[in-house]
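As stored in entry_0.cif (mmCIF, C-alpha atoms):
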```cif
data_start
#
loop_
_atom_site.label_atom_id
_atom_site.label_comp_id
_atom_site.auth_asym_id
_atom_site.auth_seq_id
_atom_site.Cartn_x
_atom_site.Cartn_y
_atom_site.Cartn_z
CA MET E 275 -145.48 136.64 194.26
CA THR E 276 -145.66 133.30 196.06
CA VAL E 277 -148.86 131.32 195.88
CA GLU E 278 -149.45 129.24 198.95
CA GLY E 279 -150.74 125.72 198.52
CA PRO E 280 -153.78 124.68 200.52
CA GLY E 281 -152.79 123.73 204.04
CA THR E 282 -149.04 124.17 203.45
CA GLY E 283 -148.33 127.85 203.80
CA THR E 284 -145.00 127.36 202.02
CA GLY E 285 -145.91 128.05 198.41
CA THR E 286 -144.26 124.78 197.30
CA GLN E 287 -145.75 121.45 196.29
CA ALA E 288 -144.41 117.96 196.82
CA PRO E 289 -142.97 116.44 193.62
CA VAL E 290 -145.38 114.20 191.75
CA GLU E 291 -144.40 110.55 191.93
CA PRO E 292 -143.93 109.02 188.46
CA ALA E 293 -146.66 106.66 187.40
CA ASP E 294 -145.84 102.99 187.79
CA THR E 295 -145.76 101.66 184.22
CA ARG E 296 -144.61 98.18 185.10
CA GLN E 297 -146.64 95.12 184.16
CA VAL E 298 -145.39 92.53 186.60
CA ILE E 299 -146.29 88.94 185.78
CA ARG E 300 -145.32 85.55 187.14
CA PRO E 301 -145.84 81.99 185.88
CA TYR E 302 -149.25 80.36 186.15
CA GLY E 303 -149.85 76.73 187.06
CA ASP E 304 -152.97 75.89 189.04
CA THR E 305 -154.15 79.40 189.95
CA THR E 306 -153.30 82.81 188.51
CA GLY E 307 -149.95 84.12 189.75
CA ASP E 308 -149.04 81.04 191.77
CA GLY E 309 -145.55 80.90 190.21
CA MET E 310 -145.75 77.21 189.34
CA VAL E 311 -143.72 75.89 186.39
CA GLN E 312 -143.06 72.49 184.83
CA MET E 313 -139.79 71.47 183.22
CA SER E 314 -138.25 68.33 181.82
CA PHE E 315 -134.67 67.09 181.62
CA THR E 316 -132.58 63.90 181.52
CA LEU E 317 -129.91 62.91 184.01
CA PRO E 318 -127.18 60.33 183.26
CA VAL E 319 -128.10 58.11 186.22
CA PRO E 320 -130.17 54.90 186.62
CA ALA E 321 -133.81 55.40 187.59
CA GLY E 322 -134.63 55.10 191.29
CA LYS E 323 -135.04 57.05 194.53
CA ARG E 324 -131.47 58.35 194.41
CA ALA E 325 -132.07 59.64 190.89
CA ASP E 326 -135.26 61.36 192.09
CA ALA E 327 -133.27 63.05 194.86
CA ALA E 328 -130.72 64.26 192.31
CA ALA E 329 -133.51 65.70 190.16
CA LEU E 330 -134.98 67.57 193.14
CA GLN E 331 -131.57 68.92 194.09
CA LEU E 332 -131.11 70.24 190.56
CA ALA E 333 -134.59 71.80 190.65
CA ALA E 334 -133.76 73.55 193.94
CA LYS E 335 -130.53 74.97 192.49
CA MET E 336 -132.60 76.32 189.57
CA GLY E 337 -134.88 78.19 191.98
CA LEU E 338 -137.85 75.81 192.28
CA ASP E 339 -138.98 75.69 195.91
CA PRO E 340 -140.86 73.58 196.71
CA ALA E 341 -140.54 71.09 193.85
CA SER E 342 -141.73 67.56 193.18
CA VAL E 343 -140.93 64.87 190.65
CA VAL E 344 -144.19 64.18 188.84
CA HIS E 345 -142.75 61.78 186.28
CA ALA E 346 -139.59 59.70 186.01
CA LYS E 347 -138.92 57.22 183.24
CA PRO E 348 -135.83 55.06 182.61
CA MET E 349 -134.07 55.82 179.32
CA GLY E 350 -132.08 52.59 179.09
CA PRO E 351 -130.10 51.31 182.07
CA ASP E 352 -128.05 54.45 182.72
CA PHE E 353 -130.33 57.46 182.08
CA THR E 354 -133.57 58.81 183.54
CA PHE E 355 -136.02 61.30 182.07
CA PHE E 356 -137.75 63.60 184.59
CA ILE E 357 -140.66 66.01 184.67
CA VAL E 358 -140.47 68.28 187.71
CA TYR E 359 -143.19 70.64 188.98
CA GLY E 360 -142.36 73.47 191.36
CA LYS E 361 -142.70 77.09 192.38
CA VAL E 362 -140.39 79.93 191.35
CA GLY E 363 -140.14 83.34 192.94
CA HIS E 364 -139.06 85.17 189.79
CA LEU E 365 -141.07 88.06 188.37
CA ILE E 366 -141.13 89.53 184.86
CA ASP E 367 -141.84 93.13 183.86
CA TYR E 368 -143.80 92.46 180.69
CA ALA E 369 -144.06 96.17 179.88
CA ALA E 370 -140.26 96.42 179.60
CA ILE E 371 -140.05 93.74 176.91
CA PRO E 372 -139.70 95.40 173.49
CA VAL E 373 -142.25 94.57 170.82
CA PRO E 374 -140.62 92.30 168.19
CA ALA E 375 -139.95 93.90 164.83
CA GLU E 376 -142.68 93.51 162.25
CA ARG E 377 -142.13 91.55 159.04
CA ALA E 378 -139.96 93.71 156.76
CA TYR E 379 -142.04 92.85 153.69
CA PRO E 380 -145.79 92.52 153.05
CA LEU E 381 -147.43 89.12 152.83
CA LEU E 382 -148.49 88.45 149.24
CA THR E 383 -151.12 86.17 147.78
CA ALA E 384 -150.15 83.37 145.40
CA GLN E 385 -151.57 85.44 142.56
CA GLU E 386 -149.41 88.46 143.49
CA VAL E 387 -146.30 86.28 143.77
CA ASN E 388 -146.94 84.73 140.36
CA GLN E 389 -147.53 88.12 138.73
CA ALA E 390 -144.38 89.62 140.23
CA ILE E 391 -142.21 86.74 139.00
CA ARG E 392 -143.82 86.87 135.56
CA ARG E 393 -143.19 90.59 135.21
CA ALA E 394 -139.62 90.53 136.48
CA LEU E 395 -138.20 87.27 135.15
CA ASN E 396 -140.48 86.08 132.35
CA ARG E 397 -139.53 82.58 133.48
CA PRO E 398 -140.14 80.43 136.57
CA LEU E 399 -138.24 81.23 139.75
CA VAL E 400 -136.22 78.11 140.59
CA VAL E 401 -136.10 76.87 144.19
CA VAL E 402 -134.01 73.89 145.33
CA GLY E 403 -134.81 72.50 148.78
CA ALA E 404 -133.36 69.77 150.98
CA CYS E 405 -132.62 68.47 154.47
CA ILE E 406 -128.85 68.29 154.71
CA GLY E 407 -126.44 66.17 156.71
CA THR E 408 -127.89 63.20 158.57
CA ASP E 409 -131.22 64.99 159.13
CA ALA E 410 -133.97 62.67 157.89
CA HIS E 411 -136.92 64.83 159.03
CA THR E 412 -138.60 66.13 155.88
CA VAL E 413 -141.70 67.48 157.62
CA GLY E 414 -140.32 71.02 157.60
CA ILE E 415 -139.15 71.23 154.00
CA ASP E 416 -142.24 69.39 152.76
CA ALA E 417 -144.52 71.80 154.61
CA ILE E 418 -143.02 74.68 152.62
CA LEU E 419 -142.47 72.99 149.24
CA ASN E 420 -145.21 70.36 148.77
CA VAL E 421 -148.56 71.32 147.26
CA LYS E 422 -150.36 70.17 150.43
CA GLY E 423 -148.49 72.88 152.31
CA PHE E 424 -149.01 73.83 155.94
CA ALA E 425 -151.53 75.67 158.15
CA GLY E 426 -154.11 75.79 155.39
CA GLU E 427 -151.69 77.27 152.84
CA LYS E 428 -150.49 75.43 149.75
CA GLY E 429 -146.76 74.96 149.31
CA LEU E 430 -144.48 76.49 146.72
CA GLU E 431 -145.20 73.69 144.22
CA TYR E 432 -148.67 75.24 143.89
CA TYR E 433 -147.27 78.54 142.61
CA ARG E 434 -147.42 78.56 138.83
CA GLU E 435 -144.29 80.70 138.44
CA ILE E 436 -142.11 78.78 140.91
CA ARG E 437 -140.31 75.60 139.86
CA VAL E 438 -139.50 73.46 142.89
CA VAL E 439 -136.78 70.82 143.13
CA ASN E 440 -137.22 68.93 146.41
CA MET E 441 -134.15 66.76 147.03
CA GLY E 442 -135.56 65.21 150.21
CA ALA E 443 -133.59 64.10 153.25
CA GLN E 444 -129.96 63.35 154.15
CA VAL E 445 -128.55 65.31 151.24
CA THR E 446 -124.86 66.10 151.44
CA VAL E 447 -123.69 69.69 151.06
CA ALA E 448 -121.74 68.76 147.94
CA GLU E 449 -124.86 67.21 146.36
CA LEU E 450 -126.91 70.30 147.20
CA VAL E 451 -124.38 72.69 145.68
CA GLU E 452 -124.05 70.55 142.56
CA ARG E 453 -127.83 70.31 142.06
CA ALA E 454 -128.40 74.01 142.71
CA LYS E 455 -125.78 74.89 140.14
CA ALA E 456 -127.17 72.41 137.61
CA GLU E 457 -130.70 73.81 138.04
CA ASP E 458 -129.44 77.43 137.96
CA ALA E 459 -131.31 77.92 141.23
CA ASP E 460 -132.50 81.35 142.29
CA ALA E 461 -132.90 80.21 145.89
CA VAL E 462 -131.84 77.29 148.09
CA LEU E 463 -134.07 76.28 151.01
CA VAL E 464 -132.61 74.08 153.74
CA SER E 465 -134.54 72.59 156.65
CA GLN E 466 -132.80 71.46 159.84
CA VAL E 467 -134.80 69.75 162.59
CA VAL E 468 -132.13 67.66 164.33
CA THR E 469 -130.38 69.91 166.85
CA GLN E 470 -128.34 67.54 169.03
CA ARG E 471 -124.85 68.93 169.65
CA ASN E 472 -125.85 71.95 167.53
CA ALA E 473 -125.81 69.83 164.37
CA HIS E 474 -128.20 72.30 162.72
CA LEU E 475 -125.72 75.14 163.19
CA HIS E 476 -122.69 73.17 162.01
CA ASN E 477 -124.52 71.88 158.93
CA THR E 478 -125.81 75.32 158.00
CA LYS E 479 -122.40 76.96 158.35
CA GLN E 480 -120.87 74.22 156.21
CA MET E 481 -123.57 74.68 153.57
CA ALA E 482 -123.18 78.46 153.49
CA ALA E 483 -119.39 78.23 153.24
CA ALA E 484 -119.67 75.77 150.35
CA PHE E 485 -121.97 78.07 148.36
CA HIS E 486 -119.81 81.12 148.98
CA ALA E 487 -116.77 79.14 147.83
CA GLU E 488 -118.58 77.86 144.72
CA TYR E 489 -119.65 81.38 143.72
CA PRO E 490 -116.55 83.46 144.66
CA THR E 491 -117.38 86.38 142.34
CA ALA E 492 -120.98 86.76 143.52
CA VAL E 493 -121.99 90.30 144.46
CA ALA E 494 -124.94 89.28 146.64
CA ALA E 495 -127.84 86.87 146.90
CA GLY E 496 -129.50 86.67 143.51
CA ILE E 497 -126.57 88.46 141.90
CA GLY E 498 -124.10 85.72 141.13
CA ARG E 499 -125.28 83.11 143.63
CA PRO E 500 -128.55 81.64 144.95
CA LEU E 501 -130.39 83.14 147.89
CA LEU E 502 -129.61 80.97 150.93
CA VAL E 503 -132.57 80.33 153.26
CA VAL E 504 -132.59 78.03 156.28
CA GLY E 505 -135.45 77.05 158.58
CA GLY E 506 -136.05 75.02 161.71
CA PRO E 507 -137.24 75.16 165.32
CA ARG E 508 -133.93 76.02 167.02
CA PHE E 509 -132.37 78.92 165.15
CA ASP E 510 -133.61 81.57 167.58
CA THR E 511 -130.21 82.01 169.26
CA VAL E 512 -128.26 82.96 166.12
CA SER E 513 -128.43 85.52 163.34
CA GLU E 514 -128.02 85.28 159.57
CA ALA E 515 -124.55 86.81 159.87
CA ASP E 516 -123.52 84.10 162.34
CA LEU E 517 -124.37 81.36 159.84
CA GLY E 518 -123.53 83.05 156.53
CA VAL E 519 -127.07 82.77 155.13
CA ASP E 520 -129.51 85.38 153.84
CA ARG E 521 -132.56 84.46 155.90
CA ILE E 522 -133.56 82.30 158.86
CA PHE E 523 -137.15 81.15 159.34
CA GLY E 524 -138.31 79.73 162.67
CA LYS E 525 -141.10 77.41 163.76
CA GLY E 526 -144.58 78.11 162.45
CA THR E 527 -143.39 79.66 159.18
CA THR E 528 -145.94 79.28 156.38
CA PRO E 529 -145.39 78.84 152.62
CA ALA E 530 -146.84 82.31 151.92
CA GLU E 531 -144.22 83.92 154.17
CA VAL E 532 -141.42 82.16 152.31
CA ALA E 533 -142.85 82.91 148.86
CA SER E 534 -143.33 86.58 149.77
CA TYR E 535 -139.75 86.80 151.05
CA LEU E 536 -138.34 85.18 147.91
CA VAL E 537 -139.89 87.72 145.55
CA HIS E 538 -139.00 90.69 147.76
CA ALA E 539 -135.41 89.51 148.14
CA LEU E 540 -134.83 88.53 144.51
CA LEU E 541 -136.99 90.80 142.31
CA PRO E 542 -136.66 94.53 141.59
CA ALA E 543 -138.84 96.65 143.85
CA GLU E 544 -140.66 98.25 140.92
CA THR E 545 -142.03 94.87 139.83
CA LEU E 546 -143.62 94.09 143.21
CA PRO E 547 -147.29 94.73 143.96
CA HIS E 548 -148.22 97.58 146.27
CA ALA E 549 -151.33 98.18 148.32
CA GLY E 550 -154.14 99.41 146.12
CA ASP E 551 -152.57 98.26 142.86
CA ASP E 552 -154.95 97.08 140.16
CA HIS E 553 -154.11 93.59 138.93
CA ASP E 554 -153.51 92.98 135.27
CA ASP E 555 -156.65 91.40 133.79
CA HIS E 556 -154.65 88.90 131.73
CA ASP E 557 -152.68 87.77 134.77
CA ASP E 558 -155.86 87.47 136.83
CA HIS E 559 -157.46 85.32 134.13
CA ASP E 560 -154.43 83.02 133.98
CA ASP E 561 -154.34 82.58 137.75
CA HIS E 562 -158.06 81.84 137.96
CA GLU E 563 -157.60 79.15 135.31
CA GLU E 564 -154.70 77.77 137.31
CA ASP E 565 -156.84 77.56 140.45
CA GLU E 566 -159.51 75.65 138.55
CA ASP E 567 -156.93 73.24 137.10
CA ARG E 568 -155.58 72.42 140.56
#
```

Using structure tokens, write down the structure from this file.
Amino acid sequence: MTVEGPGTGTGTQAPVEPADTRQVIRPYGDTTGDGMVQMSFTLPVPAGKRADAAALQLAAKMGLDPASVVHAKPMGPDFTFFIVYGKVGHLIDYAAIPVPAERAYPLLTAQEVNQAIRRALNRPLVVVGACIGTDAHTVGIDAILNVKGFAGEKGLEYYREIRVVNMGAQVTVAELVERAKAEDADAVLVSQVVTQRNAHLHNTKQMAAAFHAEYPTAVAAGIGRPLLVVGGPRFDTVSEADLGVDRIFGKGTTPAEVASYLVHALLPAETLPHAGDDHDDHDDHDDHEEDEDR
């Protein structure tokens, strides 16, 4: 039996159009959705009107129309730094962007980290850190290692069960390997801030290769060689496998994230705290005393 739809007389219905699940967005400058963006770059030409014209031509080729030079500053006699403001016609479907993967390990408190190390090792976990190559920017490594820490969190030196060796800046790869071996390091932390000509990538690959060569019989990180960790603002285009390291941390990483990763990467799973675990009273007492001492 055919059931006729209202007003059709055919017994068939038009197919339902799929719901539009897109979330289309565009850049925002002065007003919502106006498509305005600002970018900066340097051109190898002397400052002047001709240089401004070159900057606008480059902006047009990049899709900015219209565009204007809002700032131009000489960088010596032969270079000019520009800030250009302009409109783009590009759209982004925000709904189609996958949600980044969550952290693969839970964030632990200092007390939980100390307890886990104490249970598993019965000795301090040794961390050697440095800025390698010609990189003299210690702000990154100090933020993770120094007691003063970063973003309201105290650095690894604060953790009672972590012994930190901070070698500072401009450390050669050979010096880092030698010191890590002398300290019997469980983990090596390297910070790289200087990125010109991909120096951070070259230095990290050289460091990783040196450690793998120094520990040829190692089974894995923590089993025959130190855990290799690198951090900095410009490692978002490469993976751990590309560089030969065990973990890459990007900008905004806090000491607690690094400490939590270290214990989860180096200690047996059964020694790690789980949600709802009761803390050992003796360990709690020790850590409270430690907090008062500091």

> atom CA of Ala327 of chain E to atom CA of Ser342 of chain E: how many Å, to one decimal?
Replying inline: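 According to the coordinates, atom CA of Ala327 of chain E and atom CA of Ser342 of chain E are separated by 9.7 Å.
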
>> When the PyMOL selection byres ((chain E and resi 349) around 10) is applied to the structure above, which residues does it catch, written out as a PyMOL selection string?
In response: chain E and resi 316-321+346-348+350-355

So what does the PyMOL selection byres ((chain E and resi 506-520) around 7) actually pick up in this one, as a PDB file with C-alpha atoms, in the frame of the given file?
```pdb
ATOM      1  CA  SER E 465    -134.540  72.590 156.650  1.00  0.00           C
ATOM      2  CA  GLN E 466    -132.800  71.460 159.840  1.00  0.00           C
ATOM      3  CA  VAL E 467    -134.800  69.750 162.590  1.00  0.00           C
ATOM      4  CA  THR E 478    -125.810  75.320 158.000  1.00  0.00           C
ATOM      5  CA  LYS E 479    -122.400  76.960 158.350  1.00  0.00           C
ATOM      6  CA  ALA E 482    -123.180  78.460 153.490  1.00  0.00           C
ATOM      7  CA  LEU E 501    -130.390  83.140 147.890  1.00  0.00           C
ATOM      8  CA  LEU E 502    -129.610  80.970 150.930  1.00  0.00           C
ATOM      9  CA  VAL E 503    -132.570  80.330 153.260  1.00  0.00           C
ATOM     10  CA  GLY E 505    -135.450  77.050 158.580  1.00  0.00           C
ATOM     11  CA  ARG E 521    -132.560  84.460 155.900  1.00  0.00           C
ATOM     12  CA  ILE E 522    -133.560  82.300 158.860  1.00  0.00           C
ATOM     13  CA  PHE E 523    -137.150  81.150 159.340  1.00  0.00           C
ATOM     14  CA  GLY E 524    -138.310  79.730 162.670  1.00  0.00           C
ATOM     15  CA  LYS E 525    -141.100  77.410 163.760  1.00  0.00           C
TER      16      LYS E 525
END
```

>> Just to confirm, what's the straight-line distance from atom CA of Asp416 of chain E to atom CA of Val438 of chain E in Å (one decimal)?
In response: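 The value is 11.0 Å.
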
> Expressed in Å to a single decimal, how great is the separation between atom CA of Gln389 of chain E and atom CA of Glu531 of chain E?
Replying inline: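 That distance, rounded to one decimal, is 16.3 Å.
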
With all atoms listed in the file as the counted atoms, please give the residues lying no more than 9 Å from Val402 of chain E, apart from itself and same-chain residues fewer than 6 positions off, as a compact mmCIF listing (two decimals) with C-alpha atoms, in the coordinates of the input.
```
# COMPACT_ATOMS: atom_id res chain seq x y z
CA ARG E 437 -140.31 75.60 139.86
CA VAL E 438 -139.50 73.46 142.89
CA VAL E 439 -136.78 70.82 143.13
CA ASN E 440 -137.22 68.93 146.41
CA MET E 441 -134.15 66.76 147.03
CA LEU E 450 -126.91 70.30 147.20
CA ARG E 453 -127.83 70.31 142.06
CA ALA E 454 -128.40 74.01 142.71
CA GLU E 457 -130.70 73.81 138.04
CA ALA E 459 -131.31 77.92 141.23
CA ASP E 460 -132.50 81.35 142.29
CA ALA E 461 -132.90 80.21 145.89
CA VAL E 462 -131.84 77.29 148.09
CA LEU E 463 -134.07 76.28 151.01
CA VAL E 464 -132.61 74.08 153.74
```

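Proximity ranking of E:Asp326, E:Glu544, E:Asp339, E:Glu449 relative to Met310 of chain E places E:Asp339 first, based on only C-alpha atoms.
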
Which residues would end up in the selection if the PyMOL selection byres ((chain E and resi 371-387) around 8) were applied here, given that I need the answer as a PDB file with C-alpha atoms, in the coordinates of the input?
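To be explicit, this is the file written out as selection_21.pdb:
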```
ATOM      1  CA  ASP E 367    -141.840  93.130 183.860  1.00  0.00           C
ATOM      2  CA  TYR E 368    -143.800  92.460 180.690  1.00  0.00           C
ATOM      3  CA  ALA E 369    -144.060  96.170 179.880  1.00  0.00           C
ATOM      4  CA  ALA E 370    -140.260  96.420 179.600  1.00  0.00           C
ATOM      5  CA  ASN E 388    -146.940  84.730 140.360  1.00  0.00           C
ATOM      6  CA  GLN E 389    -147.530  88.120 138.730  1.00  0.00           C
ATOM      7  CA  ALA E 390    -144.380  89.620 140.230  1.00  0.00           C
ATOM      8  CA  ILE E 391    -142.210  86.740 139.000  1.00  0.00           C
ATOM      9  CA  TYR E 433    -147.270  78.540 142.610  1.00  0.00           C
ATOM     10  CA  GLU E 435    -144.290  80.700 138.440  1.00  0.00           C
ATOM     11  CA  ALA E 530    -146.840  82.310 151.920  1.00  0.00           C
ATOM     12  CA  GLU E 531    -144.220  83.920 154.170  1.00  0.00           C
ATOM     13  CA  ALA E 533    -142.850  82.910 148.860  1.00  0.00           C
ATOM     14  CA  SER E 534    -143.330  86.580 149.770  1.00  0.00           C
ATOM     15  CA  TYR E 535    -139.750  86.800 151.050  1.00  0.00           C
ATOM     16  CA  VAL E 537    -139.890  87.720 145.550  1.00  0.00           C
ATOM     17  CA  HIS E 538    -139.000  90.690 147.760  1.00  0.00           C
ATOM     18  CA  PRO E 547    -147.290  94.730 143.960  1.00  0.00           C
ATOM     19  CA  ASP E 558    -155.860  87.470 136.830  1.00  0.00           C
ATOM     20  CA  ASP E 561    -154.340  82.580 137.750  1.00  0.00           C
TER      21      ASP E 561
END
```

>> What's around Pro340 of chain E at 10 Å? Count all atoms listed in the file, leave out sequence neighbours fewer than 6 positions away in its own chain, and write the answer as a list in words.
In response: Met310, Leu330, Ala333, Ala334, Tyr359, Gly360, Lys361 and Val362 of chain E

Can you spit out the residues from that selection as an mmCIF file, in the frame of the given file, using C-alpha atoms?
```
data_model
loop_
_atom_site.group_PDB
_atom_site.id
_atom_site.type_symbol
_atom_site.label_atom_id
_atom_site.label_comp_id
_atom_site.auth_asym_id
_atom_site.auth_seq_id
_atom_site.Cartn_x
_atom_site.Cartn_y
_atom_site.Cartn_z
ATOM 1 C CA MET E 310 -145.750 77.210 189.340
ATOM 2 C CA LEU E 330 -134.980 67.570 193.140
ATOM 3 C CA ALA E 333 -134.590 71.800 190.650
ATOM 4 C CA ALA E 334 -133.760 73.550 193.940
ATOM 5 C CA TYR E 359 -143.190 70.640 188.980
ATOM 6 C CA GLY E 360 -142.360 73.470 191.360
ATOM 7 C CA LYS E 361 -142.700 77.090 192.380
ATOM 8 C CA VAL E 362 -140.390 79.930 191.350
#
```

> Restricting the calculation to only C-alpha atoms, which member of E:Val311, E:Cys405, E:Ala492, E:Val358 is positioned closest to Gln444 of chain E?
Replying inline: E:Cys405

> Which one is closest to Ala425 of chain E: E:Pro529, E:Gly403, E:Gly442, E:Gly498? Count all atoms listed in the file.
Replying inline: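 Closest to Ala425 of chain E, using all atoms listed in the file: E:Pro529.
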
> So which residues touch Glu452 of chain E within 10 Å, counting only C-alpha atoms, skipping near sequence neighbours fewer than 6 positions away, as a list in words?
Replying inline: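 Those residues are Thr446, Asp458, Phe485 and Glu488 of chain E.
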
Output as a PDB file, in the coordinates of the input: segment 340-360 of chain E, completed with N, CA, C and O atoms.
```pdb
ATOM      1  N   PRO E 340    -141.201  75.002 196.718  1.00  0.00           N
ATOM      2  CA  PRO E 340    -140.860  73.580 196.710  1.00  0.00           C
ATOM      3  C   PRO E 340    -141.005  72.987 195.308  1.00  0.00           C
ATOM      4  O   PRO E 340    -141.597  73.599 194.428  1.00  0.00           O
ATOM      5  N   ALA E 341    -140.459  71.791 195.132  1.00  0.00           N
ATOM      6  CA  ALA E 341    -140.540  71.090 193.850  1.00  0.00           C
ATOM      7  C   ALA E 341    -140.852  69.625 194.088  1.00  0.00           C
ATOM      8  O   ALA E 341    -140.564  69.083 195.162  1.00  0.00           O
ATOM      9  N   SER E 342    -141.436  68.991 193.086  1.00  0.00           N
ATOM     10  CA  SER E 342    -141.730  67.560 193.180  1.00  0.00           C
ATOM     11  C   SER E 342    -141.514  66.905 191.833  1.00  0.00           C
ATOM     12  O   SER E 342    -141.701  67.536 190.785  1.00  0.00           O
ATOM     13  N   VAL E 343    -141.079  65.657 191.867  1.00  0.00           N
ATOM     14  CA  VAL E 343    -140.930  64.870 190.650  1.00  0.00           C
ATOM     15  C   VAL E 343    -142.288  64.265 190.316  1.00  0.00           C
ATOM     16  O   VAL E 343    -142.810  63.441 191.077  1.00  0.00           O
ATOM     17  N   VAL E 344    -142.868  64.699 189.208  1.00  0.00           N
ATOM     18  CA  VAL E 344    -144.190  64.180 188.840  1.00  0.00           C
ATOM     19  C   VAL E 344    -144.104  63.049 187.825  1.00  0.00           C
ATOM     20  O   VAL E 344    -145.088  62.353 187.591  1.00  0.00           O
ATOM     21  N   HIS E 345    -142.927  62.879 187.232  1.00  0.00           N
ATOM     22  CA  HIS E 345    -142.750  61.780 186.280  1.00  0.00           C
ATOM     23  C   HIS E 345    -141.276  61.451 186.166  1.00  0.00           C
ATOM     24  O   HIS E 345    -140.437  62.351 186.063  1.00  0.00           O
ATOM     25  N   ALA E 346    -140.960  60.172 186.217  1.00  0.00           N
ATOM     26  CA  ALA E 346    -139.590  59.700 186.010  1.00  0.00           C
ATOM     27  C   ALA E 346    -139.644  58.419 185.192  1.00  0.00           C
ATOM     28  O   ALA E 346    -140.387  57.493 185.533  1.00  0.00           O
ATOM     29  N   LYS E 347    -138.869  58.375 184.121  1.00  0.00           N
ATOM     30  CA  LYS E 347    -138.920  57.220 183.240  1.00  0.00           C
ATOM     31  C   LYS E 347    -137.492  56.801 182.856  1.00  0.00           C
ATOM     32  O   LYS E 347    -136.701  57.636 182.418  1.00  0.00           O
ATOM     33  N   PRO E 348    -137.147  55.518 183.021  1.00  0.00           N
ATOM     34  CA  PRO E 348    -135.830  55.060 182.610  1.00  0.00           C
ATOM     35  C   PRO E 348    -135.620  55.236 181.105  1.00  0.00           C
ATOM     36  O   PRO E 348    -136.522  54.960 180.308  1.00  0.00           O
ATOM     37  N   MET E 349    -134.449  55.699 180.729  1.00  0.00           N
ATOM     38  CA  MET E 349    -134.070  55.820 179.320  1.00  0.00           C
ATOM     39  C   MET E 349    -132.873  54.883 179.117  1.00  0.00           C
ATOM     40  O   MET E 349    -131.723  55.322 179.065  1.00  0.00           O
ATOM     41  N   GLY E 350    -133.162  53.560 179.079  1.00  0.00           N
ATOM     42  CA  GLY E 350    -132.080  52.590 179.090  1.00  0.00           C
ATOM     43  C   GLY E 350    -131.615  52.389 180.521  1.00  0.00           C
ATOM     44  O   GLY E 350    -132.185  52.937 181.473  1.00  0.00           O
ATOM     45  N   PRO E 351    -130.543  51.643 180.712  1.00  0.00           N
ATOM     46  CA  PRO E 351    -130.100  51.310 182.070  1.00  0.00           C
ATOM     47  C   PRO E 351    -129.399  52.445 182.807  1.00  0.00           C
ATOM     48  O   PRO E 351    -129.301  52.417 184.029  1.00  0.00           O
ATOM     49  N   ASP E 352    -128.922  53.456 182.091  1.00  0.00           N
ATOM     50  CA  ASP E 352    -128.050  54.450 182.720  1.00  0.00           C
ATOM     51  C   ASP E 352    -128.563  55.884 182.648  1.00  0.00           C
ATOM     52  O   ASP E 352    -127.839  56.815 183.007  1.00  0.00           O
ATOM     53  N   PHE E 353    -129.801  56.096 182.194  1.00  0.00           N
ATOM     54  CA  PHE E 353    -130.330  57.460 182.080  1.00  0.00           C
ATOM     55  C   PHE E 353    -131.772  57.487 182.584  1.00  0.00           C
ATOM     56  O   PHE E 353    -132.497  56.489 182.498  1.00  0.00           O
ATOM     57  N   THR E 354    -132.203  58.646 183.073  1.00  0.00           N
ATOM     58  CA  THR E 354    -133.570  58.810 183.540  1.00  0.00           C
ATOM     59  C   THR E 354    -134.124  60.152 183.074  1.00  0.00           C
ATOM     60  O   THR E 354    -133.464  61.185 183.219  1.00  0.00           O
ATOM     61  N   PHE E 355    -135.325  60.091 182.522  1.00  0.00           N
ATOM     62  CA  PHE E 355    -136.020  61.300 182.070  1.00  0.00           C
ATOM     63  C   PHE E 355    -136.971  61.759 183.172  1.00  0.00           C
ATOM     64  O   PHE E 355    -137.724  60.959 183.729  1.00  0.00           O
ATOM     65  N   PHE E 356    -136.939  63.061 183.502  1.00  0.00           N
ATOM     66  CA  PHE E 356    -137.750  63.600 184.590  1.00  0.00           C
ATOM     67  C   PHE E 356    -138.665  64.726 184.107  1.00  0.00           C
ATOM     68  O   PHE E 356    -138.312  65.497 183.201  1.00  0.00           O
ATOM     69  N   ILE E 357    -139.821  64.820 184.733  1.00  0.00           N
ATOM     70  CA  ILE E 357    -140.660  66.010 184.670  1.00  0.00           C
ATOM     71  C   ILE E 357    -140.837  66.482 186.105  1.00  0.00           C
ATOM     72  O   ILE E 357    -141.279  65.721 186.971  1.00  0.00           O
ATOM     73  N   VAL E 358    -140.442  67.722 186.355  1.00  0.00           N
ATOM     74  CA  VAL E 358    -140.470  68.280 187.710  1.00  0.00           C
ATOM     75  C   VAL E 358    -141.433  69.461 187.737  1.00  0.00           C
ATOM     76  O   VAL E 358    -141.471  70.277 186.802  1.00  0.00           O
ATOM     77  N   TYR E 359    -142.207  69.562 188.813  1.00  0.00           N
ATOM     78  CA  TYR E 359    -143.190  70.640 188.980  1.00  0.00           C
ATOM     79  C   TYR E 359    -142.845  71.392 190.258  1.00  0.00           C
ATOM     80  O   TYR E 359    -142.633  70.783 191.314  1.00  0.00           O
ATOM     81  N   GLY E 360    -142.735  72.713 190.168  1.00  0.00           N
ATOM     82  CA  GLY E 360    -142.360  73.470 191.360  1.00  0.00           C
ATOM     83  C   GLY E 360    -142.654  74.946 191.223  1.00  0.00           C
ATOM     84  O   GLY E 360    -143.099  75.427 190.172  1.00  0.00           O
TER      85      GLY E 360
END
```
